[in-house]
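Asks: Hey, dropping run.cif in here, mmCIF, C-alpha atoms:
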data_entry
#
loop_
_atom_site.group_PDB
_atom_site.id
_atom_site.type_symbol
_atom_site.label_atom_id
_atom_site.label_comp_id
_atom_site.auth_asym_id
_atom_site.auth_seq_id
_atom_site.Cartn_x
_atom_site.Cartn_y
_atom_site.Cartn_z
ATOM 1 C CA MET A 1 186.198 89.987 144.387
ATOM 2 C CA ASN A 2 184.939 93.214 146.034
ATOM 3 C CA TYR A 3 181.546 93.567 147.692
ATOM 4 C CA LYS A 4 179.888 95.486 144.821
ATOM 5 C CA THR A 5 180.981 92.950 142.196
ATOM 6 C CA MET A 6 179.876 90.075 144.389
ATOM 7 C CA MET A 7 176.394 91.602 144.895
ATOM 8 C CA LYS A 8 175.965 92.117 141.138
ATOM 9 C CA LYS A 9 176.881 88.490 140.563
ATOM 10 C CA TYR A 10 174.450 87.183 143.210
ATOM 11 C CA THR A 11 171.675 89.477 141.927
ATOM 12 C CA ALA A 12 172.127 88.211 138.355
ATOM 13 C CA VAL A 13 172.043 84.604 139.538
ATOM 14 C CA PHE A 14 168.912 85.248 141.609
ATOM 15 C CA PHE A 15 166.948 86.818 138.738
ATOM 16 C CA ALA A 16 168.090 84.112 136.336
ATOM 17 C CA ALA A 17 166.731 81.497 138.744
ATOM 18 C CA VAL A 18 163.417 83.360 139.032
ATOM 19 C CA LEU A 19 163.059 83.643 135.262
ATOM 20 C CA CYS A 20 163.821 79.968 134.818
ATOM 21 C CA THR A 21 161.158 78.871 137.307
ATOM 22 C CA LEU A 22 158.460 81.397 136.358
ATOM 23 C CA PRO A 23 157.060 79.602 133.280
ATOM 24 C CA CYS A 24 156.823 76.342 135.235
ATOM 25 C CA SER A 25 155.022 78.110 138.059
ATOM 26 C CA LEU A 26 152.526 79.741 135.708
ATOM 27 C CA SER A 27 152.027 76.491 133.861
ATOM 28 C CA ALA A 28 151.306 74.737 137.170
ATOM 29 C CA GLN A 29 148.651 77.329 137.992
ATOM 30 C CA THR A 30 146.839 77.309 134.643
ATOM 31 C CA PRO A 31 147.228 74.442 132.159
ATOM 32 C CA SER A 32 147.159 75.139 128.446
ATOM 33 C CA THR A 33 143.965 74.414 126.537
ATOM 34 C CA GLU A 34 145.506 71.229 125.129
ATOM 35 C CA GLU A 35 146.601 70.089 128.607
ATOM 36 C CA MET A 36 143.105 70.723 129.959
ATOM 37 C CA TYR A 37 141.569 68.744 127.103
ATOM 38 C CA GLY A 38 143.760 65.842 128.211
ATOM 39 C CA ILE A 39 142.763 66.219 131.877
ATOM 40 C CA LEU A 40 139.035 66.444 131.188
ATOM 41 C CA GLU A 41 139.093 63.777 128.487
ATOM 42 C CA LYS A 42 140.547 61.312 130.963
ATOM 43 C CA GLN A 43 138.166 62.256 133.775
ATOM 44 C CA TYR A 44 135.027 62.726 131.698
ATOM 45 C CA GLU A 45 135.406 59.486 129.787
ATOM 46 C CA SER A 46 136.483 57.461 132.832
ATOM 47 C CA GLY A 47 132.760 57.203 133.537
ATOM 48 C CA ASN A 48 132.407 54.901 130.526
ATOM 49 C CA PHE A 49 132.882 51.181 131.077
ATOM 50 C CA ASP A 50 134.294 48.360 128.991
ATOM 51 C CA LYS A 51 131.963 45.895 130.713
ATOM 52 C CA ASP A 52 128.290 45.749 131.688
ATOM 53 C CA ILE A 53 127.303 47.448 134.928
ATOM 54 C CA THR A 54 124.171 47.242 137.076
ATOM 55 C CA CYS A 55 123.341 49.385 140.120
ATOM 56 C CA MET A 56 120.561 50.915 142.172
ATOM 57 C CA LEU A 57 119.593 54.501 141.378
ATOM 58 C CA SER A 58 117.875 56.446 144.162
ATOM 59 C CA LEU A 59 116.441 59.938 143.693
ATOM 60 C CA ILE A 60 115.434 62.228 146.558
ATOM 61 C CA ILE A 61 113.303 65.053 145.199
ATOM 62 C CA GLU A 62 112.748 68.351 147.014
ATOM 63 C CA LYS A 63 110.322 71.023 145.817
ATOM 64 C CA PRO A 64 109.041 74.158 147.575
ATOM 65 C CA ASN A 65 105.852 73.652 149.593
ATOM 66 C CA GLU A 66 105.817 69.914 148.878
ATOM 67 C CA PRO A 67 106.869 66.977 151.043
ATOM 68 C CA LYS A 68 110.181 65.397 150.132
ATOM 69 C CA SER A 69 109.693 62.372 147.862
ATOM 70 C CA ALA A 70 111.857 59.431 146.800
ATOM 71 C CA GLN A 71 112.097 57.251 143.714
ATOM 72 C CA GLN A 72 114.133 54.102 143.146
ATOM 73 C CA TYR A 73 115.261 52.473 139.908
ATOM 74 C CA LYS A 74 117.352 49.550 138.719
ATOM 75 C CA LEU A 75 119.932 50.853 136.264
ATOM 76 C CA PHE A 76 121.477 48.637 133.580
ATOM 77 C CA ARG A 77 124.262 49.965 131.319
ATOM 78 C CA ARG A 78 126.138 48.465 128.416
ATOM 79 C CA ASP A 79 128.530 51.171 127.267
ATOM 80 C CA THR A 80 130.128 49.037 124.542
ATOM 81 C CA LYS A 81 126.836 49.397 122.620
ATOM 82 C CA ASP A 82 125.677 52.694 124.202
ATOM 83 C CA GLN A 83 122.604 51.106 125.794
ATOM 84 C CA THR A 84 120.828 51.913 129.065
ATOM 85 C CA THR A 85 117.699 50.494 130.689
ATOM 86 C CA LEU A 86 116.030 51.976 133.764
ATOM 87 C CA VAL A 87 113.227 50.173 135.596
ATOM 88 C CA GLN A 88 111.309 51.985 138.330
ATOM 89 C CA LEU A 89 110.909 50.020 141.571
ATOM 90 C CA ALA A 90 109.324 52.641 143.844
ATOM 91 C CA PRO A 91 107.011 54.276 144.687
ATOM 92 C CA GLU A 92 104.464 51.523 144.127
ATOM 93 C CA ALA A 93 102.147 53.762 142.060
ATOM 94 C CA ASP A 94 104.837 54.183 139.376
ATOM 95 C CA LYS A 95 106.417 50.735 139.628
ATOM 96 C CA GLY A 96 107.286 49.263 136.250
ATOM 97 C CA THR A 97 107.822 52.559 134.425
ATOM 98 C CA GLY A 98 110.779 51.966 132.146
ATOM 99 C CA TYR A 99 113.321 53.903 130.116
ATOM 100 C CA MET A 100 115.246 52.221 127.311
ATOM 101 C CA GLN A 101 118.046 54.153 125.620
ATOM 102 C CA GLU A 102 120.149 53.167 122.622
ATOM 103 C CA LYS A 103 122.528 55.781 121.222
ATOM 104 C CA ASN A 104 120.404 58.926 120.609
ATOM 105 C CA ASN A 105 117.032 57.194 120.955
ATOM 106 C CA LEU A 106 114.976 56.931 124.126
ATOM 107 C CA TRP A 107 111.732 55.031 124.650
ATOM 108 C CA VAL A 108 109.651 55.500 127.812
ATOM 109 C CA TYR A 109 107.303 52.675 128.813
ATOM 110 C CA ASP A 110 104.041 53.330 130.670
ATOM 111 C CA PRO A 111 102.953 50.124 132.483
ATOM 112 C CA THR A 112 99.367 51.376 132.812
ATOM 113 C CA SER A 113 98.700 51.952 129.108
ATOM 114 C CA HIS A 114 101.340 49.405 128.006
ATOM 115 C CA GLN A 115 102.546 51.991 125.504
ATOM 116 C CA PHE A 116 106.012 53.264 124.522
ATOM 117 C CA THR A 117 106.733 56.941 123.843
ATOM 118 C CA HIS A 118 109.790 58.027 121.874
ATOM 119 C CA SER A 119 111.592 60.870 123.629
ATOM 120 C CA SER A 120 114.855 62.821 123.965
ATOM 121 C CA LEU A 121 117.798 61.950 126.211
ATOM 122 C CA LYS A 122 117.219 65.348 127.825
ATOM 123 C CA ARG A 123 113.967 64.013 129.281
ATOM 124 C CA THR A 124 113.890 64.077 133.069
ATOM 125 C CA ILE A 125 113.534 60.888 135.098
ATOM 126 C CA GLY A 126 110.094 60.979 136.689
ATOM 127 C CA ASP A 127 109.418 64.442 138.139
ATOM 128 C CA SER A 128 113.047 64.934 139.212
ATOM 129 C CA ASP A 129 115.774 67.301 137.999
ATOM 130 C CA ALA A 130 117.905 64.335 136.864
ATOM 131 C CA SER A 131 117.763 63.372 133.198
ATOM 132 C CA VAL A 132 118.489 60.154 131.333
ATOM 133 C CA SER A 133 121.575 61.826 129.828
ATOM 134 C CA ASP A 134 122.960 62.136 133.393
ATOM 135 C CA VAL A 135 123.144 58.367 133.842
ATOM 136 C CA ASN A 136 124.020 56.951 130.421
ATOM 137 C CA LYS A 137 127.274 56.677 128.459
ATOM 138 C CA ARG A 138 129.220 59.873 127.867
ATOM 139 C CA SER A 139 130.212 60.930 124.355
ATOM 140 C CA ALA A 140 133.878 61.631 123.585
ATOM 141 C CA PHE A 141 134.816 64.864 125.357
ATOM 142 C CA ARG A 142 136.361 66.624 122.340
ATOM 143 C CA LYS A 143 133.230 65.913 120.306
ATOM 144 C CA THR A 144 131.035 67.179 123.128
ATOM 145 C CA TYR A 145 132.749 70.399 124.256
ATOM 146 C CA GLU A 146 135.033 73.205 123.110
ATOM 147 C CA ILE A 147 137.109 74.818 125.885
ATOM 148 C CA THR A 148 136.765 78.615 125.749
ATOM 149 C CA ASP A 149 138.398 79.674 129.033
ATOM 150 C CA ILE A 150 140.485 78.290 131.919
ATOM 151 C CA ALA A 151 140.959 80.118 135.220
ATOM 152 C CA ALA A 152 142.361 79.253 138.643
ATOM 153 C CA SER A 153 139.647 79.356 141.290
ATOM 154 C CA LYS A 154 138.610 78.097 144.724
ATOM 155 C CA LEU A 155 135.696 75.827 145.616
ATOM 156 C CA GLY A 156 135.318 75.447 149.360
ATOM 157 C CA LYS A 157 138.646 74.094 150.638
ATOM 158 C CA PHE A 158 139.748 72.920 147.179
ATOM 159 C CA ASP A 159 141.938 74.708 144.654
ATOM 160 C CA VAL A 160 140.254 74.178 141.294
ATOM 161 C CA TYR A 161 140.348 75.100 137.629
ATOM 162 C CA ALA A 162 137.162 76.791 136.415
ATOM 163 C CA VAL A 163 136.836 75.621 132.804
ATOM 164 C CA THR A 164 134.255 77.308 130.569
ATOM 165 C CA LEU A 165 132.908 75.063 127.826
ATOM 166 C CA LYS A 166 130.829 75.502 124.692
ATOM 167 C CA PRO A 167 128.720 72.385 123.944
ATOM 168 C CA LEU A 168 129.210 71.135 120.368
ATOM 169 C CA LEU A 169 126.365 68.631 120.018
ATOM 170 C CA SER A 170 123.361 69.934 118.067
ATOM 171 C CA ASP A 171 120.937 68.633 120.718
ATOM 172 C CA ALA A 172 122.906 69.966 123.693
ATOM 173 C CA LYS A 173 120.689 70.770 126.670
ATOM 174 C CA TYR A 174 122.612 73.925 127.603
ATOM 175 C CA ALA A 175 124.331 76.725 125.661
ATOM 176 C CA GLN A 176 127.356 76.931 127.979
ATOM 177 C CA GLU A 177 128.746 74.993 130.911
ATOM 178 C CA LYS A 178 131.476 75.567 133.470
ATOM 179 C CA PHE A 179 133.336 72.662 135.080
ATOM 180 C CA PHE A 180 135.156 73.111 138.392
ATOM 181 C CA VAL A 181 138.031 70.591 138.419
ATOM 182 C CA ARG A 182 140.260 69.805 141.404
ATOM 183 C CA LYS A 183 143.911 70.701 140.852
ATOM 184 C CA ASP A 184 145.445 67.963 143.017
ATOM 185 C CA ASP A 185 143.135 65.152 141.870
ATOM 186 C CA PRO A 186 141.352 66.055 138.619
ATOM 187 C CA LEU A 187 137.796 65.189 139.617
ATOM 188 C CA ILE A 188 134.892 67.361 138.482
ATOM 189 C CA LEU A 189 133.356 68.765 141.686
ATOM 190 C CA LYS A 190 130.769 71.153 140.278
ATOM 191 C CA ILE A 191 129.085 71.993 136.973
ATOM 192 C CA GLU A 192 127.246 75.222 136.171
ATOM 193 C CA SER A 193 124.875 74.977 133.195
ATOM 194 C CA TYR A 194 123.698 78.115 131.356
ATOM 195 C CA GLY A 195 120.968 78.883 128.829
ATOM 196 C CA SER A 196 121.424 80.836 125.590
ATOM 197 C CA SER A 197 120.572 84.082 127.426
ATOM 198 C CA GLY A 198 123.468 83.497 129.824
ATOM 199 C CA ARG A 199 121.166 82.664 132.723
ATOM 200 C CA LEU A 200 122.297 79.952 135.137
ATOM 201 C CA MET A 201 119.779 77.122 134.772
ATOM 202 C CA ARG A 202 121.197 74.232 136.782
ATOM 203 C CA THR A 203 124.027 73.645 139.239
ATOM 204 C CA THR A 204 125.363 70.115 139.668
ATOM 205 C CA LEU A 205 127.416 69.188 142.736
ATOM 206 C CA LEU A 206 129.480 65.980 142.697
ATOM 207 C CA PRO A 207 130.608 65.431 146.306
ATOM 208 C CA LYS A 208 131.373 61.700 146.152
ATOM 209 C CA TYR A 209 133.030 59.362 143.651
ATOM 210 C CA VAL A 210 133.487 55.607 143.787
ATOM 211 C CA LYS A 211 136.248 53.582 142.168
ATOM 212 C CA ILE A 212 134.973 50.776 139.929
ATOM 213 C CA GLY A 213 137.979 48.990 138.449
ATOM 214 C CA ASN A 214 140.058 51.804 136.953
ATOM 215 C CA PHE A 215 137.103 54.143 136.691
ATOM 216 C CA ASN A 216 135.882 57.022 138.858
ATOM 217 C CA TRP A 217 132.115 57.313 138.848
ATOM 218 C CA PRO A 218 130.098 59.986 140.685
ATOM 219 C CA ALA A 219 128.087 57.990 143.218
ATOM 220 C CA HIS A 220 126.458 61.074 144.727
ATOM 221 C CA SER A 221 125.168 63.975 142.606
ATOM 222 C CA ILE A 222 123.004 66.948 143.550
ATOM 223 C CA TYR A 223 121.059 68.713 140.778
ATOM 224 C CA ILE A 224 119.925 72.197 141.815
ATOM 225 C CA ASN A 225 117.225 73.818 139.689
ATOM 226 C CA GLU A 226 118.250 77.479 139.434
ATOM 227 C CA ILE A 227 115.033 78.484 137.647
ATOM 228 C CA ASN A 228 112.633 77.087 140.227
ATOM 229 C CA LYS A 229 114.344 78.166 143.419
ATOM 230 C CA GLY A 230 114.298 75.649 146.249
ATOM 231 C CA GLU A 231 113.939 72.696 143.864
ATOM 232 C CA LYS A 232 116.676 70.059 143.774
ATOM 233 C CA THR A 233 117.253 66.347 143.263
ATOM 234 C CA THR A 234 119.841 64.226 145.062
ATOM 235 C CA GLN A 235 120.957 61.192 143.061
ATOM 236 C CA ILE A 236 122.653 58.226 144.772
ATOM 237 C CA LEU A 237 124.125 55.214 142.962
ATOM 238 C CA SER A 238 124.814 52.041 144.974
ATOM 239 C CA ASP A 239 125.109 48.232 144.866
ATOM 240 C CA PHE A 240 127.364 48.112 141.806
ATOM 241 C CA ASP A 241 127.652 44.831 139.903
ATOM 242 C CA THR A 242 129.822 44.265 136.802
ATOM 243 C CA SER A 243 128.381 40.855 135.862
ATOM 244 C CA ASP A 244 127.243 40.314 132.279
ATOM 245 C CA ILE A 245 123.685 41.497 131.608
ATOM 246 C CA PRO A 246 121.399 39.352 129.407
ATOM 247 C CA ASP A 247 120.816 40.942 125.972
ATOM 248 C CA VAL A 248 117.040 40.904 126.481
ATOM 249 C CA VAL A 249 117.318 43.574 129.211
ATOM 250 C CA PHE A 250 118.029 46.163 126.505
ATOM 251 C CA THR A 251 114.823 45.464 124.554
ATOM 252 C CA LYS A 252 111.238 46.717 124.682
ATOM 253 C CA ALA A 253 110.128 43.131 125.245
ATOM 254 C CA TYR A 254 111.921 43.107 128.604
ATOM 255 C CA LEU A 255 110.020 46.155 129.896
ATOM 256 C CA GLU A 256 106.726 44.648 128.718
ATOM 257 C CA LYS A 257 107.520 41.249 130.257
ATOM 258 C CA ILE A 258 108.359 42.473 133.754
ATOM 259 C CA ASN A 259 104.994 44.223 133.883
#
Any chance you could put this one into structure tokens?

Replies:
Amino acid sequence: MNYKTMMKKYTAVFFAAVLCTLPCSLSAQTPSTEEMYGILEKQYESGNFDKDITCMLSLIIEKPNEPKSAQQYKLFRRDTKDQTTLVQLAPEADKGTGYMQEKNNLWVYDPTSHQFTHSSLKRTIGDSDASVSDVNKRSAFRKTYEITDIAASKLGKFDVYAVTLKPLLSDAKYAQEKFFVRKDDPLILKIESYGSSGRLMRTTLLPKYVKIGNFNWPAHSIYINEINKGEKTTQILSDFDTSDIPDVVFTKAYLEKIN
């Protein structure tokens, strides 16, 4: 075989190898919509539990020209029945305020007036930027969001997928959201939430997860209010317990009794 023939042969083999590996490479960089549904379905719904869970919920609230404040709650969740109860422990002036959620209904208990108010899951907890929908059971991902775009991106030191989503629920708090998902370990690290005008309304940072059984749960979340600049809430979950919770905890009578 002469030199020219040999070079043609090697060149053909080289380009054949490149063509064979190219689709795999592109696929590794940007998953298909169906693949991303699978990734986010697994991650998003891993925050739902097949057993009762109790923990402490601490909120650190920062607002411009105001001293930093803190609130503490006991959080009870029973995801098998889509029930959540929150009882405020501190500060003392608001102790006993309660939130009781079942499916799409939320009742807020005022220990001073001893009255319940029916509200939306979008209601904020106290005067923070965290809402009850941030700490209760998550709906099935495919029923909650439609994926409209997937792009490779960078978030700090992490390679991520930036996934643009259209909320499907009629009572969705935002018109569009963007999830930033780690490539090497598909955890959601950041969420951008937009209004119907396209304006960024809230940024959520999720810097720390904890493993509870087979589940990953964000133990540390930072909610940044993009409308009121300088306003943010840091949410910390701790002291997890998966013991059975008495049924009475998920009733109005429980909130009345403890007060």

Asks: Quick check on the file I pasted: which residues fall under the PyMOL selection byres ((chain A and resi 58-70) around 7)? Write them as an NGL selection string.

Replies: :A and (56-57 or 71-73 or 128 or 230-237)

Asks: For a test of reading the model, state the distance in Å between atom CA of Tyr44 of chain A and atom CA of Asn228 of chain A, rounded to one decimal.

Replies: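 Taking atom CA of Tyr44 of chain A and atom CA of Asn228 of chain A, their separation equals 27.9 Å.
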
Asks: Find the spatial neighbours of segment 168-175 of chain A, counting all atoms listed in the file, within a cut-off of 12 Å - ignore same-chain residues fewer than 4 positions away - and output them as a CSV table (one decimal) with C-alpha atoms, in the frame of the given file.

Replies:
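Wrote out_33.csv, looks like this:
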chain,number,residue,atom,x,y,z
A,104,ASN,CA,120.4,58.9,120.6
A,120,SER,CA,114.9,62.8,124.0
A,121,LEU,CA,117.8,62.0,126.2
A,122,LYS,CA,117.2,65.3,127.8
A,123,ARG,CA,114.0,64.0,129.3
A,124,THR,CA,113.9,64.1,133.1
A,131,SER,CA,117.8,63.4,133.2
A,132,VAL,CA,118.5,60.2,131.3
A,133,SER,CA,121.6,61.8,129.8
A,134,ASP,CA,123.0,62.1,133.4
A,139,SER,CA,130.2,60.9,124.4
A,140,ALA,CA,133.9,61.6,123.6
A,141,PHE,CA,134.8,64.9,125.4
A,142,ARG,CA,136.4,66.6,122.3
A,143,LYS,CA,133.2,65.9,120.3
A,144,THR,CA,131.0,67.2,123.1
A,145,TYR,CA,132.7,70.4,124.3
A,146,GLU,CA,135.0,73.2,123.1
A,147,ILE,CA,137.1,74.8,125.9
A,148,THR,CA,136.8,78.6,125.7
A,164,THR,CA,134.3,77.3,130.6
A,191,ILE,CA,129.1,72.0,137.0
A,192,GLU,CA,127.2,75.2,136.2
A,193,SER,CA,124.9,75.0,133.2
A,194,TYR,CA,123.7,78.1,131.4
A,195,GLY,CA,121.0,78.9,128.8
A,196,SER,CA,121.4,80.8,125.6
A,197,SER,CA,120.6,84.1,127.4
A,198,GLY,CA,123.5,83.5,129.8
A,199,ARG,CA,121.2,82.7,132.7
A,200,LEU,CA,122.3,80.0,135.1
A,201,MET,CA,119.8,77.1,134.8
A,202,ARG,CA,121.2,74.2,136.8
A,203,THR,CA,124.0,73.6,139.2

Asks: Which residues are near segment 30-33 of chain A? Cut-off 12 Å, all atoms listed in the file, ignore same chain within fewer than 3 positions. Put them as a PyMOL selection string.

Replies: chain A and resi 23-27+36-41+142+146-153+159-165+181+183

Asks: Which of these residues is nearest to Ile188 of chain A, using only C-alpha atoms: A:Asn136, A:Thr242, A:Thr54, A:Gln43?

Replies: A:Gln43

Asks: Run the PyMOL selection byres ((chain A and resi 51) around 12) on the file and write out the hits as a short mmCIF file (atom, residue, chain, number, x, y, z; two decimals) with C-alpha atoms, keeping the file's coordinate frame.

Replies:
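Generated output (selection.cif):
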data_model
loop_
_atom_site.label_atom_id
_atom_site.label_comp_id
_atom_site.auth_asym_id
_atom_site.auth_seq_id
_atom_site.Cartn_x
_atom_site.Cartn_y
_atom_site.Cartn_z
CA GLY A 47 132.76 57.20 133.54
CA ASN A 48 132.41 54.90 130.53
CA PHE A 49 132.88 51.18 131.08
CA ASP A 50 134.29 48.36 128.99
CA ASP A 52 128.29 45.75 131.69
CA ILE A 53 127.30 47.45 134.93
CA THR A 54 124.17 47.24 137.08
CA PHE A 76 121.48 48.64 133.58
CA ARG A 77 124.26 49.96 131.32
CA ARG A 78 126.14 48.46 128.42
CA ASP A 79 128.53 51.17 127.27
CA THR A 80 130.13 49.04 124.54
CA LYS A 81 126.84 49.40 122.62
CA ASP A 82 125.68 52.69 124.20
CA GLN A 83 122.60 51.11 125.79
CA LYS A 137 127.27 56.68 128.46
CA ILE A 212 134.97 50.78 139.93
CA GLY A 213 137.98 48.99 138.45
CA ASN A 214 140.06 51.80 136.95
CA PHE A 215 137.10 54.14 136.69
CA ASP A 241 127.65 44.83 139.90
CA THR A 242 129.82 44.26 136.80
CA SER A 243 128.38 40.85 135.86
CA ASP A 244 127.24 40.31 132.28
CA ILE A 245 123.68 41.50 131.61
#

Asks: Is it possible to get the residues within 10 Å of (126.9, 57.3, 142.0) (coordinates as in the file, counting all atoms listed in the file) written as a PyMOL selection string?

Replies: chain A and resi 55-58+135+206-210+216-221+235-240

Asks: Around (110.0, 54.9, 140.3) in the file's own coordinates, what residues are found within 10 Å if you use all atoms listed in the file, given back as a VMD selection string?

Replies: chain A and resid 57 to 59 70 to 74 86 to 98 125 to 127

Asks: With 6 Å added on each side, what axis-aligned box encloses every listed atom of segment 186-200 of chain A? Give the centre and edge lengths in Å to one decimal, as lines of an AutoDock Vina configuration file.

Replies:
center_x = 131.0
center_y = 74.6
center_z = 133.6
size_x = 32.8
size_y = 30.9
size_z = 28.1

Asks: Give me, please, the distance in Å between atom CA of Leu205 of chain A and atom CA of Glu45 of chain A, quoted to one decimal.

Replies: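 So the answer is 18.0 Å.
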
Asks: One number please: atom CA of Lys42 of chain A to atom CA of Leu187 of chain A, in Å, one decimal.

Replies: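 Separation between atom CA of Lys42 of chain A and atom CA of Leu187 of chain A: 9.9 Å.
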
Asks: Hey, what comes out of the PyMOL selection byres ((chain A and resi 99) around 7) on this file? Could you write it as number ranges by chain?

Replies: A: 85-87, 98, 100-101, 106-109

Asks: Model the absent atoms of segment 42-49 of chain A so that all heavy atoms are present, and write the result as a PDB file, in the coordinates of the input.

Replies:
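This is the output file part.pdb:
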ATOM      1  N   LYS A  42     140.306  62.475 130.117  1.00  0.00           N
ATOM      2  CA  LYS A  42     140.547  61.312 130.963  1.00  0.00           C
ATOM      3  C   LYS A  42     139.483  61.182 132.038  1.00  0.00           C
ATOM      4  O   LYS A  42     138.933  60.101 132.279  1.00  0.00           O
ATOM      5  CB  LYS A  42     141.936  61.417 131.604  1.00  0.00           C
ATOM      6  CG  LYS A  42     142.320  60.217 132.458  1.00  0.00           C
ATOM      7  CD  LYS A  42     143.728  60.367 133.001  1.00  0.00           C
ATOM      8  CE  LYS A  42     144.109  59.163 133.855  1.00  0.00           C
ATOM      9  NZ  LYS A  42     145.470  59.311 134.413  1.00  0.00           N
ATOM     10  N   GLN A  43     139.151  62.295 132.695  1.00  0.00           N
ATOM     11  CA  GLN A  43     138.166  62.256 133.775  1.00  0.00           C
ATOM     12  C   GLN A  43     136.752  62.046 133.251  1.00  0.00           C
ATOM     13  O   GLN A  43     136.000  61.216 133.760  1.00  0.00           O
ATOM     14  CB  GLN A  43     138.242  63.553 134.584  1.00  0.00           C
ATOM     15  CG  GLN A  43     137.135  63.720 135.604  1.00  0.00           C
ATOM     16  CD  GLN A  43     137.093  62.585 136.598  1.00  0.00           C
ATOM     17  OE1 GLN A  43     138.102  61.986 136.909  1.00  0.00           O
ATOM     18  NE2 GLN A  43     135.908  62.266 137.086  1.00  0.00           N
ATOM     19  N   TYR A  44     136.391  62.778 132.220  1.00  0.00           N
ATOM     20  CA  TYR A  44     135.027  62.726 131.698  1.00  0.00           C
ATOM     21  C   TYR A  44     134.706  61.343 131.147  1.00  0.00           C
ATOM     22  O   TYR A  44     133.634  60.793 131.384  1.00  0.00           O
ATOM     23  CB  TYR A  44     134.890  63.776 130.594  1.00  0.00           C
ATOM     24  CG  TYR A  44     133.479  64.019 130.110  1.00  0.00           C
ATOM     25  CD1 TYR A  44     132.573  64.742 130.878  1.00  0.00           C
ATOM     26  CD2 TYR A  44     133.065  63.548 128.871  1.00  0.00           C
ATOM     27  CE1 TYR A  44     131.289  64.990 130.427  1.00  0.00           C
ATOM     28  CE2 TYR A  44     131.781  63.791 128.408  1.00  0.00           C
ATOM     29  CZ  TYR A  44     130.903  64.509 129.185  1.00  0.00           C
ATOM     30  OH  TYR A  44     129.631  64.747 128.742  1.00  0.00           O
ATOM     31  N   GLU A  45     135.658  60.767 130.434  1.00  0.00           N
ATOM     32  CA  GLU A  45     135.406  59.486 129.787  1.00  0.00           C
ATOM     33  C   GLU A  45     135.702  58.299 130.701  1.00  0.00           C
ATOM     34  O   GLU A  45     135.431  57.152 130.349  1.00  0.00           O
ATOM     35  CB  GLU A  45     136.197  59.393 128.487  1.00  0.00           C
ATOM     36  CG  GLU A  45     135.700  60.414 127.462  1.00  0.00           C
ATOM     37  CD  GLU A  45     136.572  60.484 126.224  1.00  0.00           C
ATOM     38  OE1 GLU A  45     137.203  59.469 125.874  1.00  0.00           O
ATOM     39  OE2 GLU A  45     136.626  61.571 125.614  1.00  0.00           O
ATOM     40  N   SER A  46     136.254  58.567 131.898  1.00  0.00           N
ATOM     41  CA  SER A  46     136.483  57.461 132.832  1.00  0.00           C
ATOM     42  C   SER A  46     135.163  56.937 133.380  1.00  0.00           C
ATOM     43  O   SER A  46     135.116  55.883 134.003  1.00  0.00           O
ATOM     44  CB  SER A  46     137.388  57.902 133.995  1.00  0.00           C
ATOM     45  OG  SER A  46     136.686  58.744 134.889  1.00  0.00           O
ATOM     46  N   GLY A  47     134.077  57.671 133.135  1.00  0.00           N
ATOM     47  CA  GLY A  47     132.760  57.203 133.537  1.00  0.00           C
ATOM     48  C   GLY A  47     132.132  56.249 132.540  1.00  0.00           C
ATOM     49  O   GLY A  47     130.994  55.844 132.705  1.00  0.00           O
ATOM     50  N   ASN A  48     132.875  55.905 131.487  1.00  0.00           N
ATOM     51  CA  ASN A  48     132.407  54.901 130.526  1.00  0.00           C
ATOM     52  C   ASN A  48     133.096  53.577 130.825  1.00  0.00           C
ATOM     53  O   ASN A  48     134.273  53.548 131.179  1.00  0.00           O
ATOM     54  CB  ASN A  48     132.703  55.342 129.096  1.00  0.00           C
ATOM     55  CG  ASN A  48     131.906  56.573 128.699  1.00  0.00           C
ATOM     56  OD1 ASN A  48     130.828  56.813 129.224  1.00  0.00           O
ATOM     57  ND2 ASN A  48     132.437  57.362 127.783  1.00  0.00           N
ATOM     58  N   PHE A  49     132.380  52.476 130.644  1.00  0.00           N
ATOM     59  CA  PHE A  49     132.882  51.181 131.077  1.00  0.00           C
ATOM     60  C   PHE A  49     133.054  50.219 129.903  1.00  0.00           C
ATOM     61  O   PHE A  49     132.282  50.255 128.954  1.00  0.00           O
ATOM     62  CB  PHE A  49     131.923  50.566 132.107  1.00  0.00           C
ATOM     63  CG  PHE A  49     131.737  51.421 133.324  1.00  0.00           C
ATOM     64  CD1 PHE A  49     130.712  52.347 133.390  1.00  0.00           C
ATOM     65  CD2 PHE A  49     132.604  51.313 134.393  1.00  0.00           C
ATOM     66  CE1 PHE A  49     130.551  53.155 134.502  1.00  0.00           C
ATOM     67  CE2 PHE A  49     132.452  52.122 135.512  1.00  0.00           C
ATOM     68  CZ  PHE A  49     131.424  53.043 135.564  1.00  0.00           C
TER      69      PHE A  49
END
